[in-house]
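Undergrad: Sharing entry.tsv below, TSV, C-alpha atoms:
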```
chain	number	residue	atom	x	y	z
A	1	MET	CA	13.29	-17.78	-13.73
A	2	ILE	CA	10.77	-14.95	-13.11
A	3	HIS	CA	10.71	-13.39	-9.67
A	4	CYS	CA	8.07	-11.04	-8.27
A	5	SER	CA	6.73	-9.81	-4.98
A	6	MET	CA	4.34	-12.08	-3.12
A	7	ALA	CA	1.92	-9.14	-2.81
A	8	ALA	CA	-0.13	-7.92	-5.76
A	9	ALA	CA	0.93	-4.37	-6.56
A	10	GLY	CA	0.93	-1.81	-9.33
A	11	HIS	CA	-1.53	-1.31	-12.18
A	12	SER	CA	-4.30	-3.83	-11.50
A	13	VAL	CA	-5.03	-4.60	-15.16
A	14	ARG	CA	-1.45	-5.05	-16.32
A	15	ALA	CA	-0.68	-7.01	-13.17
A	16	GLY	CA	-3.56	-9.38	-13.84
A	17	TYR	CA	-2.40	-9.99	-17.39
A	18	LEU	CA	1.14	-10.61	-16.17
A	19	TYR	CA	-0.03	-13.03	-13.47
A	20	ALA	CA	-2.11	-14.95	-16.03
A	21	VAL	CA	0.97	-15.39	-18.22
A	22	MET	CA	3.06	-16.42	-15.22
A	23	ALA	CA	0.49	-19.11	-14.32
A	24	THR	CA	0.45	-20.33	-17.91
A	25	LEU	CA	4.25	-20.53	-17.97
A	26	ALA	CA	4.34	-22.35	-14.62
A	27	ARG	CA	1.91	-24.96	-15.93
A	28	GLU	CA	3.74	-25.47	-19.22
A	29	THR	CA	7.27	-25.58	-17.75
A	30	GLY	CA	6.54	-27.23	-14.40
A	31	GLU	CA	8.45	-24.52	-12.51
A	32	THR	CA	7.28	-25.04	-8.93
A	33	GLU	CA	8.68	-21.77	-7.56
A	34	LEU	CA	6.80	-19.78	-10.19
A	35	ALA	CA	3.63	-21.75	-9.49
A	36	ASP	CA	3.96	-21.02	-5.76
A	37	THR	CA	4.41	-17.33	-6.53
A	38	CYS	CA	1.20	-17.35	-8.58
A	39	ARG	CA	-0.69	-19.05	-5.74
A	40	ALA	CA	0.61	-16.46	-3.27
A	41	LEU	CA	-0.45	-13.60	-5.55
A	42	PHE	CA	-3.90	-15.08	-6.04
A	43	ASP	CA	-4.32	-15.51	-2.28
A	44	ASP	CA	-3.14	-11.94	-1.62
A	45	ILE	CA	-5.72	-10.54	-4.03
A	46	THR	CA	-8.70	-12.64	-3.00
A	47	LYS	CA	-8.07	-12.58	0.76
A	48	TYR	CA	-7.02	-8.95	1.23
A	49	LYS	CA	-7.78	-6.79	-1.83
A	50	MET	CA	-10.93	-8.01	-3.57
A	51	TYR	CA	-14.42	-6.54	-3.21
A	52	VAL	CA	-17.47	-8.77	-2.70
A	53	THR	CA	-18.39	-7.93	-6.31
A	54	GLY	CA	-15.05	-9.29	-7.52
A	55	GLY	CA	-13.72	-5.80	-8.20
A	56	VAL	CA	-9.97	-5.32	-7.75
A	57	GLY	CA	-7.65	-2.33	-7.89
A	58	SER	CA	-9.19	0.14	-5.43
A	59	ARG	CA	-6.86	3.10	-6.09
A	60	SER	CA	-7.57	5.70	-8.76
A	61	SER	CA	-3.94	6.83	-8.55
A	62	GLY	CA	-2.15	4.45	-10.90
A	63	GLU	CA	-5.33	2.35	-11.31
A	64	ALA	CA	-3.57	0.20	-8.79
A	65	TYR	CA	-3.78	-2.30	-5.99
A	66	SER	CA	-3.64	-0.74	-2.55
A	67	ILE	CA	-2.63	-2.07	0.87
A	68	PRO	CA	-4.63	-4.94	2.44
A	69	TYR	CA	-8.23	-4.13	3.43
A	70	ASP	CA	-8.19	-0.73	1.68
A	71	VAL	CA	-11.42	-1.24	-0.27
A	72	PRO	CA	-13.50	1.97	-0.05
A	73	ASN	CA	-16.99	1.63	-1.46
A	74	ASP	CA	-17.76	5.11	-2.77
A	75	LYS	CA	-14.32	5.71	-4.30
A	76	ALA	CA	-13.74	2.18	-5.57
A	77	TYR	CA	-11.81	2.33	-8.82
A	78	THR	CA	-12.27	-1.36	-9.65
A	79	GLU	CA	-11.76	-0.94	-13.38
A	80	THR	CA	-13.84	-3.21	-15.59
A	81	CYS	CA	-10.64	-4.33	-17.32
A	82	ALA	CA	-9.21	-5.40	-13.95
A	83	SER	CA	-12.12	-7.81	-13.51
A	84	VAL	CA	-11.42	-9.11	-17.02
A	85	ALA	CA	-7.79	-9.62	-16.04
A	86	MET	CA	-8.92	-11.56	-12.95
A	87	VAL	CA	-10.97	-13.85	-15.20
A	88	TYR	CA	-7.85	-14.59	-17.23
A	89	PHE	CA	-5.65	-15.09	-14.17
A	90	SER	CA	-8.22	-17.28	-12.39
A	91	HIS	CA	-8.70	-19.45	-15.47
A	92	GLN	CA	-4.99	-20.12	-15.78
A	93	MET	CA	-4.81	-20.89	-12.06
A	94	PHE	CA	-7.60	-23.41	-12.48
A	95	LEU	CA	-5.72	-25.10	-15.32
A	96	LEU	CA	-2.67	-25.19	-13.06
A	97	ASP	CA	-4.32	-26.59	-9.90
A	98	ARG	CA	-7.86	-27.79	-10.83
A	99	GLU	CA	-9.44	-26.25	-7.71
A	100	SER	CA	-12.98	-24.86	-7.60
A	101	ARG	CA	-11.96	-21.62	-5.87
A	102	PHE	CA	-10.51	-20.33	-9.11
A	103	ALA	CA	-13.73	-20.98	-11.04
A	104	ASP	CA	-15.61	-19.37	-8.12
A	105	VAL	CA	-13.75	-16.10	-8.76
A	106	ILE	CA	-14.51	-16.30	-12.48
A	107	GLU	CA	-18.20	-16.68	-11.62
A	108	ARG	CA	-18.07	-13.73	-9.21
A	109	GLU	CA	-16.55	-11.56	-11.93
A	110	LEU	CA	-18.91	-12.69	-14.70
A	111	TYR	CA	-22.09	-12.05	-12.70
A	112	ASN	CA	-20.99	-8.96	-10.79
A	113	GLY	CA	-17.81	-6.89	-11.03
A	114	MET	CA	-17.23	-7.35	-14.75
A	115	LEU	CA	-20.84	-7.39	-15.94
A	116	SER	CA	-21.61	-4.12	-14.12
A	117	GLY	CA	-19.35	-2.44	-16.67
A	118	LEU	CA	-22.07	-2.89	-19.31
A	119	SER	CA	-25.50	-1.20	-19.37
A	120	LEU	CA	-28.68	-3.24	-19.76
A	121	SER	CA	-29.10	-1.62	-23.18
A	122	GLY	CA	-25.68	-2.94	-24.19
A	123	ASP	CA	-24.33	0.36	-25.53
A	124	LYS	CA	-23.04	2.20	-22.45
A	125	PHE	CA	-20.13	1.35	-20.19
A	126	PHE	CA	-18.49	1.93	-16.83
A	127	TYR	CA	-14.73	2.24	-16.55
A	128	GLU	CA	-15.04	2.22	-12.75
A	129	ASN	CA	-17.54	0.20	-10.71
A	130	PRO	CA	-18.25	1.70	-7.26
A	131	LEU	CA	-20.18	-0.06	-4.49
A	132	GLU	CA	-21.79	3.14	-3.21
A	133	ILE	CA	-23.24	6.23	-4.82
A	134	HIS	CA	-24.35	9.34	-2.94
A	135	PRO	CA	-25.38	12.01	-5.49
A	136	ASP	CA	-24.48	14.86	-3.11
A	137	ASN	CA	-20.83	13.80	-3.39
A	138	TYR	CA	-20.75	15.16	-6.94
A	139	ARG	CA	-21.27	18.67	-5.56
A	140	LYS	CA	-17.80	18.35	-4.00
A	141	THR	CA	-15.80	19.78	-6.88
A	142	TRP	CA	-12.60	19.37	-4.87
A	143	ASP	CA	-12.95	15.59	-4.51
A	144	ARG	CA	-12.99	12.68	-6.95
A	145	TYR	CA	-15.66	10.00	-7.27
A	146	PRO	CA	-16.47	7.49	-10.03
A	147	ILE	CA	-19.11	8.66	-12.51
A	148	SER	CA	-22.68	7.71	-11.57
A	149	GLU	CA	-23.99	6.85	-15.06
A	150	ARG	CA	-22.49	4.79	-17.85
A	151	VAL	CA	-21.35	6.51	-21.04
A	152	LYS	CA	-21.00	5.35	-24.64
A	153	VAL	CA	-17.39	6.45	-25.14
A	154	PHE	CA	-14.41	7.04	-22.83
A	155	ARG	CA	-11.33	9.03	-23.65
A	156	CYS	CA	-9.53	5.75	-22.87
A	157	SER	CA	-11.99	3.19	-24.26
A	158	CYS	CA	-10.23	-0.02	-23.29
A	159	CYS	CA	-13.10	-1.45	-21.23
A	160	PRO	CA	-15.85	-1.74	-23.87
A	161	PRO	CA	-13.91	-3.96	-26.33
A	162	ASN	CA	-12.28	-5.88	-23.48
A	163	LEU	CA	-15.63	-6.63	-21.90
A	164	ASN	CA	-17.21	-7.67	-25.18
A	165	ARG	CA	-14.24	-9.88	-25.99
A	166	VAL	CA	-14.88	-11.87	-22.80
A	167	LEU	CA	-18.62	-12.10	-23.46
A	168	ALA	CA	-17.95	-13.37	-26.97
A	169	SER	CA	-15.62	-16.09	-25.67
A	170	VAL	CA	-17.32	-16.93	-22.37
A	171	GLY	CA	-17.90	-20.53	-23.45
A	172	GLN	CA	-14.23	-21.39	-22.89
A	173	TYR	CA	-14.76	-20.97	-19.13
A	174	PHE	CA	-17.62	-23.47	-18.92
A	175	ASN	CA	-15.75	-26.74	-19.37
A	176	THR	CA	-12.27	-28.16	-19.58
A	177	SER	CA	-11.09	-31.72	-20.09
A	178	GLU	CA	-8.06	-33.89	-19.57
A	179	GLU	CA	-7.71	-37.44	-20.83
A	180	GLU	CA	-11.18	-38.96	-20.20
A	181	SER	CA	-12.39	-36.45	-17.59
A	182	VAL	CA	-14.46	-33.27	-17.98
A	183	TRP	CA	-14.70	-30.40	-15.50
A	184	VAL	CA	-17.95	-28.40	-15.45
A	185	ASN	CA	-16.90	-25.00	-14.14
A	186	GLN	CA	-19.73	-22.63	-15.07
A	187	PHE	CA	-23.45	-23.19	-15.50
A	188	GLY	CA	-25.70	-22.41	-18.43
A	189	ASP	CA	-27.29	-24.19	-21.39
A	190	SER	CA	-24.34	-25.46	-23.39
A	191	GLU	CA	-22.80	-28.34	-25.33
A	192	TYR	CA	-19.20	-29.44	-24.91
A	193	ALA	CA	-17.39	-31.90	-27.15
A	194	CYS	CA	-13.72	-32.94	-27.00
A	195	ASP	CA	-11.80	-36.14	-27.83
A	196	GLY	CA	-14.93	-38.27	-28.19
A	197	MET	CA	-16.53	-36.91	-25.01
A	198	THR	CA	-19.68	-34.81	-24.92
A	199	VAL	CA	-21.43	-33.02	-22.05
A	200	VAL	CA	-24.77	-31.31	-22.71
A	201	GLN	CA	-25.91	-28.97	-19.93
A	202	LYS	CA	-29.46	-27.75	-19.28
A	203	THR	CA	-30.24	-25.30	-16.49
A	204	GLU	CA	-32.14	-22.14	-15.55
A	205	TYR	CA	-29.15	-20.93	-13.52
A	206	PRO	CA	-28.97	-18.41	-11.88
A	207	TYR	CA	-32.79	-18.41	-11.57
A	208	ASP	CA	-32.47	-21.73	-9.74
A	209	GLY	CA	-29.73	-24.16	-8.82
A	210	ARG	CA	-30.67	-27.29	-10.76
A	211	ILE	CA	-28.05	-28.39	-13.30
A	212	THR	CA	-28.76	-31.39	-15.54
A	213	LEU	CA	-25.97	-32.96	-17.59
A	214	GLN	CA	-25.98	-35.65	-20.25
A	215	ALA	CA	-22.46	-37.08	-20.45
A	216	LYS	CA	-21.14	-39.50	-23.07
A	217	GLY	CA	-17.70	-41.04	-23.42
A	218	THR	CA	-16.57	-39.75	-20.03
A	219	LYS	CA	-14.65	-41.65	-17.38
A	220	GLU	CA	-15.27	-38.91	-14.81
A	221	VAL	CA	-17.34	-35.72	-14.69
A	222	TYR	CA	-16.38	-33.06	-12.14
A	223	VAL	CA	-19.17	-30.60	-11.29
A	224	ARG	CA	-18.16	-27.46	-9.39
A	225	ILE	CA	-19.99	-26.88	-6.12
A	226	PRO	CA	-19.78	-23.08	-5.73
A	227	GLY	CA	-18.30	-21.64	-2.57
A	228	TRP	CA	-21.56	-19.81	-1.87
A	229	CYS	CA	-23.49	-23.13	-1.83
A	230	HIS	CA	-23.72	-24.72	1.60
A	231	SER	CA	-25.99	-27.62	0.64
A	232	PHE	CA	-26.69	-29.62	-2.50
A	233	SER	CA	-28.03	-32.98	-3.66
A	234	ALA	CA	-27.38	-35.20	-6.65
A	235	ASN	CA	-29.07	-38.10	-8.38
A	236	ARG	CA	-25.92	-40.24	-8.29
A	237	THR	CA	-23.11	-41.18	-5.96
A	238	TYR	CA	-20.20	-38.73	-6.01
A	239	THR	CA	-16.89	-38.00	-4.32
A	240	MET	CA	-15.83	-34.46	-3.38
A	241	ILE	CA	-12.43	-33.52	-4.84
A	242	ASN	CA	-11.02	-29.97	-4.68
A	243	GLY	CA	-14.51	-28.44	-4.45
A	244	TYR	CA	-15.96	-30.58	-7.25
A	245	ALA	CA	-18.50	-33.39	-7.04
A	246	CYS	CA	-16.87	-36.17	-9.06
A	247	PHE	CA	-19.23	-38.58	-10.86
A	248	VAL	CA	-17.82	-41.77	-12.37
A	249	GLY	CA	-18.88	-42.82	-15.85
A	250	GLU	CA	-21.36	-41.32	-18.27
A	251	GLY	CA	-25.15	-40.86	-18.38
A	252	GLU	CA	-27.44	-38.30	-16.77
A	253	ILE	CA	-26.19	-36.25	-13.82
A	254	THR	CA	-28.47	-33.88	-11.92
A	255	VAL	CA	-27.12	-31.57	-9.24
A	256	ASP	CA	-29.44	-29.35	-7.18
A	257	LEU	CA	-27.62	-26.43	-5.55
A	258	VAL	CA	-29.64	-24.98	-2.68
A	259	MET	CA	-29.99	-21.26	-3.36
A	260	GLU	CA	-31.09	-18.85	-0.65
A	261	PRO	CA	-30.23	-15.20	0.06
A	262	VAL	CA	-27.43	-14.74	2.56
A	263	PHE	CA	-25.94	-11.78	4.43
A	264	LEU	CA	-22.18	-11.33	4.04
A	265	GLN	CA	-19.93	-9.26	6.27
A	266	SER	CA	-16.47	-7.87	5.57
A	267	ASN	CA	-13.37	-8.65	7.55
A	268	VAL	CA	-13.45	-6.33	10.58
A	269	LEU	CA	-10.22	-4.75	9.33
A	270	VAL	CA	-12.30	-3.16	6.57
A	271	TYR	CA	-13.25	-0.54	9.14
A	272	LYS	CA	-15.83	1.35	7.11
A	273	ASN	CA	-17.86	-1.82	6.60
A	274	ILE	CA	-18.20	-2.69	10.29
A	275	ASP	CA	-21.85	-3.26	11.26
A	276	THR	CA	-22.90	-3.49	7.62
A	277	ALA	CA	-23.82	-6.45	5.45
A	278	ALA	CA	-24.01	-7.24	1.75
A	279	VAL	CA	-26.61	-9.56	0.23
A	280	GLN	CA	-25.85	-12.41	-2.15
A	281	TYR	CA	-28.29	-14.85	-3.75
A	282	GLY	CA	-26.60	-17.68	-5.59
A	283	PRO	CA	-23.73	-16.12	-7.56
A	284	VAL	CA	-25.34	-12.66	-7.68
A	285	VAL	CA	-24.47	-9.76	-5.34
A	286	TYR	CA	-27.29	-7.27	-4.72
A	287	CYS	CA	-27.59	-3.55	-4.07
A	288	ALA	CA	-30.29	-1.10	-3.00
A	289	GLU	CA	-31.07	1.93	-5.17
A	290	GLY	CA	-32.96	5.07	-4.23
A	291	PHE	CA	-35.46	4.58	-7.05
A	292	ASP	CA	-36.89	1.54	-5.24
A	293	ASN	CA	-36.52	2.85	-1.69
A	294	ALA	CA	-38.18	6.30	-1.40
A	295	GLY	CA	-35.10	8.03	-2.79
A	296	ASP	CA	-32.75	7.25	0.12
A	297	VAL	CA	-30.78	4.09	0.94
A	298	HIS	CA	-28.25	5.46	3.42
A	299	SER	CA	-30.71	5.52	6.32
A	300	LEU	CA	-31.82	1.90	5.76
A	301	TYR	CA	-31.07	-1.00	8.12
A	302	LEU	CA	-31.42	-4.68	7.22
A	303	ASP	CA	-33.37	-6.93	9.58
A	304	VAL	CA	-30.96	-9.87	9.70
A	305	SER	CA	-32.91	-11.71	12.44
A	306	ASP	CA	-36.21	-11.84	10.53
A	307	PRO	CA	-35.50	-11.00	6.87
A	308	ASP	CA	-38.68	-12.59	5.44
A	309	TRP	CA	-37.14	-12.72	1.97
A	310	GLU	CA	-39.31	-12.25	-1.09
A	311	ILE	CA	-37.88	-13.53	-4.35
A	312	LEU	CA	-39.24	-11.50	-7.26
A	313	PRO	CA	-38.66	-13.04	-10.71
A	314	THR	CA	-37.86	-10.62	-13.50
A	315	GLU	CA	-36.44	-10.95	-17.00
A	316	GLU	CA	-35.21	-7.35	-17.05
A	317	TYR	CA	-32.05	-8.07	-15.06
A	318	GLY	CA	-31.43	-11.67	-16.08
A	319	CYS	CA	-32.02	-12.82	-12.50
A	320	HIS	CA	-34.31	-12.18	-9.55
A	321	ARG	CA	-34.99	-9.02	-7.57
A	322	LEU	CA	-35.19	-9.28	-3.78
A	323	SER	CA	-37.23	-7.70	-1.02
A	324	VAL	CA	-36.28	-7.96	2.66
A	325	ASN	CA	-37.51	-6.68	6.01
A	326	GLY	CA	-35.76	-3.62	7.34
A	327	TRP	CA	-35.97	-0.29	9.10
A	328	ARG	CA	-35.38	3.32	8.21
A	329	ARG	CA	-33.72	5.53	10.81
A	330	GLU	CA	-35.58	8.82	11.25
A	331	ASN	CA	-34.46	12.25	12.35
A	332	THR	CA	-35.96	13.23	15.72
A	333	GLU	CA	-34.73	16.85	15.73
A	334	ASN	CA	-34.33	19.51	13.06
A	335	ALA	CA	-30.77	20.18	14.15
A	336	MET	CA	-27.22	19.28	13.17
A	337	PHE	CA	-26.56	17.70	16.59
A	338	TYR	CA	-28.87	16.55	19.36
A	339	PRO	CA	-28.95	14.02	22.23
A	340	LEU	CA	-28.93	10.41	21.09
A	341	HIS	CA	-32.40	9.12	20.51
A	342	GLU	CA	-32.85	6.30	18.03
A	343	GLN	CA	-36.11	6.27	16.12
A	344	PHE	CA	-36.81	3.66	13.47
A	345	SER	CA	-39.76	2.99	11.21
A	346	ARG	CA	-40.47	-0.38	9.64
A	347	THR	CA	-39.99	-0.75	5.88
A	348	ARG	CA	-39.29	-3.24	3.14
A	349	ILE	CA	-35.90	-2.88	1.44
A	350	HIS	CA	-35.99	-3.58	-2.28
A	351	MET	CA	-32.82	-4.78	-3.98
A	352	ILE	CA	-31.65	-5.40	-7.54
A	353	PRO	CA	-28.61	-7.26	-8.88
A	354	TYR	CA	-25.49	-5.15	-8.47
A	355	HIS	CA	-24.61	-5.53	-12.14
A	356	ALA	CA	-27.83	-3.68	-13.04
A	357	PHE	CA	-27.31	-0.55	-10.93
A	358	ALA	CA	-27.26	2.93	-12.53
A	359	ASN	CA	-29.46	2.01	-15.48
A	360	ARG	CA	-32.25	4.44	-14.58
A	361	GLY	CA	-30.27	7.60	-13.97
A	362	THR	CA	-28.31	8.89	-10.97
A	363	THR	CA	-29.68	7.78	-7.62
A	364	PRO	CA	-28.27	6.74	-4.23
A	365	MET	CA	-26.92	3.17	-4.26
A	366	LEU	CA	-25.44	0.87	-1.61
A	367	VAL	CA	-24.09	-2.67	-1.59
A	368	TYR	CA	-23.22	-2.71	2.12
A	369	LEU	CA	-26.19	-1.65	4.25
A	370	ARG	CA	-26.32	-1.23	8.02
A	371	TYR	CA	-28.11	-3.95	9.91
A	372	ARG	CA	-29.91	-4.58	13.19
A	373	LEU	CA	-30.15	-7.89	15.04
```
Output the structure of this file as structure tokens.

TA:
Amino acid sequence: MIHCSMAAAGHSVRAGYLYAVMATLARETGETELADTCRALFDDITKYKMYVTGGVGSRSSGEAYSIPYDVPNDKAYTETCASVAMVYFSHQMFLLDRESRFADVIERELYNGMLSGLSLSGDKFFYENPLEIHPDNYRKTWDRYPISERVKVFRCSCCPPNLNRVLASVGQYFNTSEEESVWVNQFGDSEYACDGMTVVQKTEYPYDGRITLQAKGTKEVYVRIPGWCHSFSANRTYTMINGYACFVGEGEITVDLVMEPVFLQSNVLVYKNIDTAAVQYGPVVYCAEGFDNAGDVHSLYLDVSDPDWEILPTEEYGCHRLSVNGWRRENTENAMFYPLHEQFSRTRIHMIPYHAFANRGTTPMLVYLRYRL
């Protein structure tokens, strides 16, 4: 019997690989204590140590997990390989328990924390994936921050082949089957065939939330309803089971996931994120870069009461850009300190998918922006 702490600790990549093997062993042997340990580890990571981008392993020292709620944005280590390891661990947990929350984490990694490790050109990589960049920090030669632009080669080049290995095999995370049932876990044009069953999927996801399936030879088809989705409709009767809409029989199945931008806040115990919000649209987390916002994002405030979202289609990033109402806080005195006097000017805040940040050179970047009600 394997024993381990109920709290994720140590090197975040090696730990993730170990946990994936533990979950596989628990499923194949039926060891309930080991399975419970895996569930506890998964809960510890996702409830206390995971960034909104899916990044894990916040400490540069030891490339390791830290204590609960220690998730700094500007010094986030969040190694690309750690997100890969979370994909592996989450997939094995899904096979163990068949719950949508595990596929939700895979989706969060694929669209955000893992994908940000690769440049849009496909030939440059991040080892670390921060959630904040302030170029002036790099003048502090006595302090350590993640690099602000991807490079072609690292001294330790584990992330590029690891990332490309997942991208080359991403189809295995779309569907699984058991007996006469098929689970649809991820969304994208695809064809799945196993044991006389076929499921053909057509969708523009993540541009929109409509998923159309043609199922043959199936007794049941389980379609994941993502955790970010608060409303959906379907063309057939279904039953909700473990976060999946279960459709009986074969034929055409259409599911429309309502997609709208939402503001997300951190647990208040993440002290540095108090009074800030992140933006997510469908499965995609967004960020603001200086290039799109007059060179400065740290003085911006989101208008969460009247956002007036604008959805801006683009093929460059593989998903939409966003624009939202906001303010910029202005200096009222040319001094280091002066009596409190808030002065704001109206502005539009322009945002791009987080995975696409740092593709135009070094510029300020933020995932969590301040907000006003």

Undergrad: I'd like the interatomic distance between CA of Asn325 in chain A and CA of Val284 in chain A, to a tenth of an Å.

TA: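 Separation between CA of Asn325 in chain A and CA of Val284 in chain A: 19.3 Å.
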
Undergrad: At most 9 Å is the cut-off: for each residue in range 246-332 of chain A with any atom that close to an atom of range 226-236 of chain A, write down the nearest atom pair and the distance in Å rounded to one decimal, counting only C-alpha atoms, chain first then increasing number, as a tab-separated table.

TA:
```
residue	atom	partner	partner_atom	distance
A:Phe247	CA	A:Arg236	CA	7.4
A:Glu252	CA	A:Asn235	CA	8.5
A:Ile253	CA	A:Asn235	CA	6.4
A:Thr254	CA	A:Asn235	CA	5.5
A:Val255	CA	A:Ala234	CA	4.5
A:Asp256	CA	A:Ser233	CA	5.2
A:Leu257	CA	A:Phe232	CA	4.5
A:Val258	CA	A:Phe232	CA	5.5
A:Met259	CA	A:Cys229	CA	6.9
A:Glu260	CA	A:Cys229	CA	8.8
A:Val262	CA	A:Trp228	CA	8.9
A:Gln280	CA	A:Trp228	CA	8.6
A:Tyr281	CA	A:Trp228	CA	8.6
A:Gly282	CA	A:Trp228	CA	6.6
A:Pro283	CA	A:Trp228	CA	7.1
```

Undergrad: Using Å and a single decimal, report how far CA of Arg14 in chain A sits from CA of His91 in chain A.

TA: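 Straight-line distance from CA of His91 in chain A to CA of Arg14 in chain A works out to 16.1 Å.
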
Undergrad: Using only C-alpha atoms, list the residues that have an atom at most 12 Å from (-27.2, -4.5, 8.4), coordinates as in the file, as a PyMOL selection string.

TA: chain A and resi 262-266+273-279+297-307+324-328+349+366-373

Undergrad: Between CA of Gly57 in chain A and CA of Tyr77 in chain A, measure the distance and give it in Å to one decimal.

TA: 6.3 Å

Undergrad: Considering all atoms listed in the file, tabulate each residue of range 279-333 of chain A that lies at most 10 Å from range 121-141 of chain A along with its nearest interatomic pair and the corresponding distance in Å to one decimal; arrange the rows by chain and ascending residue number and present them as JSON lines.

TA:
```
{"residue": "A:Cys287", "atom": "CA", "partner": "A:Leu131", "partner_atom": "CA", "distance": 8.2}
{"residue": "A:Ala288", "atom": "CA", "partner": "A:Glu132", "partner_atom": "CA", "distance": 9.5}
{"residue": "A:Glu289", "atom": "CA", "partner": "A:Ile133", "partner_atom": "CA", "distance": 8.9}
{"residue": "A:Gly290", "atom": "CA", "partner": "A:His134", "partner_atom": "CA", "distance": 9.7}
{"residue": "A:Asp296", "atom": "CA", "partner": "A:His134", "partner_atom": "CA", "distance": 9.2}
{"residue": "A:Val297", "atom": "CA", "partner": "A:His134", "partner_atom": "CA", "distance": 9.2}
{"residue": "A:His298", "atom": "CA", "partner": "A:His134", "partner_atom": "CA", "distance": 8.4}
```

Undergrad: Excluding same-chain residues fewer than 4 positions from Asn164 in chain A, what lies within 10 Å of it counting all atoms listed in the file, as a ChimeraX atom specification?

TA: /A:115,118,122,159-160,168-170

Undergrad: Given only C-alpha atoms as the basis, pick out the residue of A:Ala82, A:Val182, A:Ile147, A:Val21 nearest to Ala64 in chain A.

TA: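 For Ala64 in chain A, the nearest of the given residues is A:Ala82.
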
Undergrad: Could you check which of A:Lys272, A:Arg210, A:Arg165, A:Arg27 is closest to Ile225 in chain A, using all atoms listed in the file?

TA: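 So, comparing all the options, the nearest one is A:Arg210.
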
Undergrad: Fewer than 3 positions away in the same chain doesn't count, so skip those; otherwise give me all residues within 12 Å of Gly196 in chain A, counting all atoms listed in the file, as a list in words.

TA: Ser177, Glu178, Glu179, Glu180, Ser181, Val182, Tyr192, Ala193, Val199, Ala215, Lys216, Gly217, Thr218 and Lys219 of chain A

Undergrad: Print the selection's residues with C-alpha atoms to a file, as an mmCIF file, in the coordinates of the input.

TA:
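Below is the file that was written, again34.cif:
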```
data_model
loop_
_atom_site.group_PDB
_atom_site.id
_atom_site.type_symbol
_atom_site.label_atom_id
_atom_site.label_comp_id
_atom_site.auth_asym_id
_atom_site.auth_seq_id
_atom_site.Cartn_x
_atom_site.Cartn_y
_atom_site.Cartn_z
ATOM 1 C CA SER A 177 -11.090 -31.720 -20.090
ATOM 2 C CA GLU A 178 -8.060 -33.890 -19.570
ATOM 3 C CA GLU A 179 -7.710 -37.440 -20.830
ATOM 4 C CA GLU A 180 -11.180 -38.960 -20.200
ATOM 5 C CA SER A 181 -12.390 -36.450 -17.590
ATOM 6 C CA VAL A 182 -14.460 -33.270 -17.980
ATOM 7 C CA TYR A 192 -19.200 -29.440 -24.910
ATOM 8 C CA ALA A 193 -17.390 -31.900 -27.150
ATOM 9 C CA VAL A 199 -21.430 -33.020 -22.050
ATOM 10 C CA ALA A 215 -22.460 -37.080 -20.450
ATOM 11 C CA LYS A 216 -21.140 -39.500 -23.070
ATOM 12 C CA GLY A 217 -17.700 -41.040 -23.420
ATOM 13 C CA THR A 218 -16.570 -39.750 -20.030
ATOM 14 C CA LYS A 219 -14.650 -41.650 -17.380
#
```

Undergrad: Rank nothing, just name the residue among A:Ser190, A:Asn242, A:Thr53, A:Ser66 nearest to Glu204 in chain A, using all atoms listed in the file.

TA: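 Smallest separation from Glu204 in chain A among the options: A:Ser190.
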
Undergrad: Need to verify the contact set: Pro72 in chain A, 8 Å, only C-alpha atoms, exclusion of same-chain residues closer than 3 positions in sequence. Can you return it as number ranges by chain?

TA: A: 58, 75-76, 272

Undergrad: Of the candidates A:Val270, A:Met197, A:Leu163, A:Ala7, which one gets nearest to Cys38 in chain A if we count only C-alpha atoms?

TA: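 Between A:Val270, A:Met197, A:Leu163, A:Ala7, the residue approaching Cys38 in chain A most closely is A:Ala7.
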
Undergrad: When you count all atoms listed in the file, which of these residues is closest to Tyr354 in chain A: A:Leu18, A:Val71, A:Leu120, A:Ala8?

TA: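 Ranked by minimum distance to Tyr354 in chain A, first place goes to A:Leu120.
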
Undergrad: Show which residues sit within 10 Å of Gln92 in chain A, as a ChimeraX atom specification. Count only C-alpha atoms, and ignore same-chain residues fewer than 5 positions away.

TA: /A:19-27,38,86-87,97-98,102-103

Undergrad: Of the residues A:Ser12, A:Ser157, A:Asn162, A:Gln186, which is the one nearest to Arg108 in chain A, using all atoms listed in the file?

TA: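 Once distances to Arg108 in chain A are computed over all atoms listed in the file, the minimum belongs to A:Gln186.
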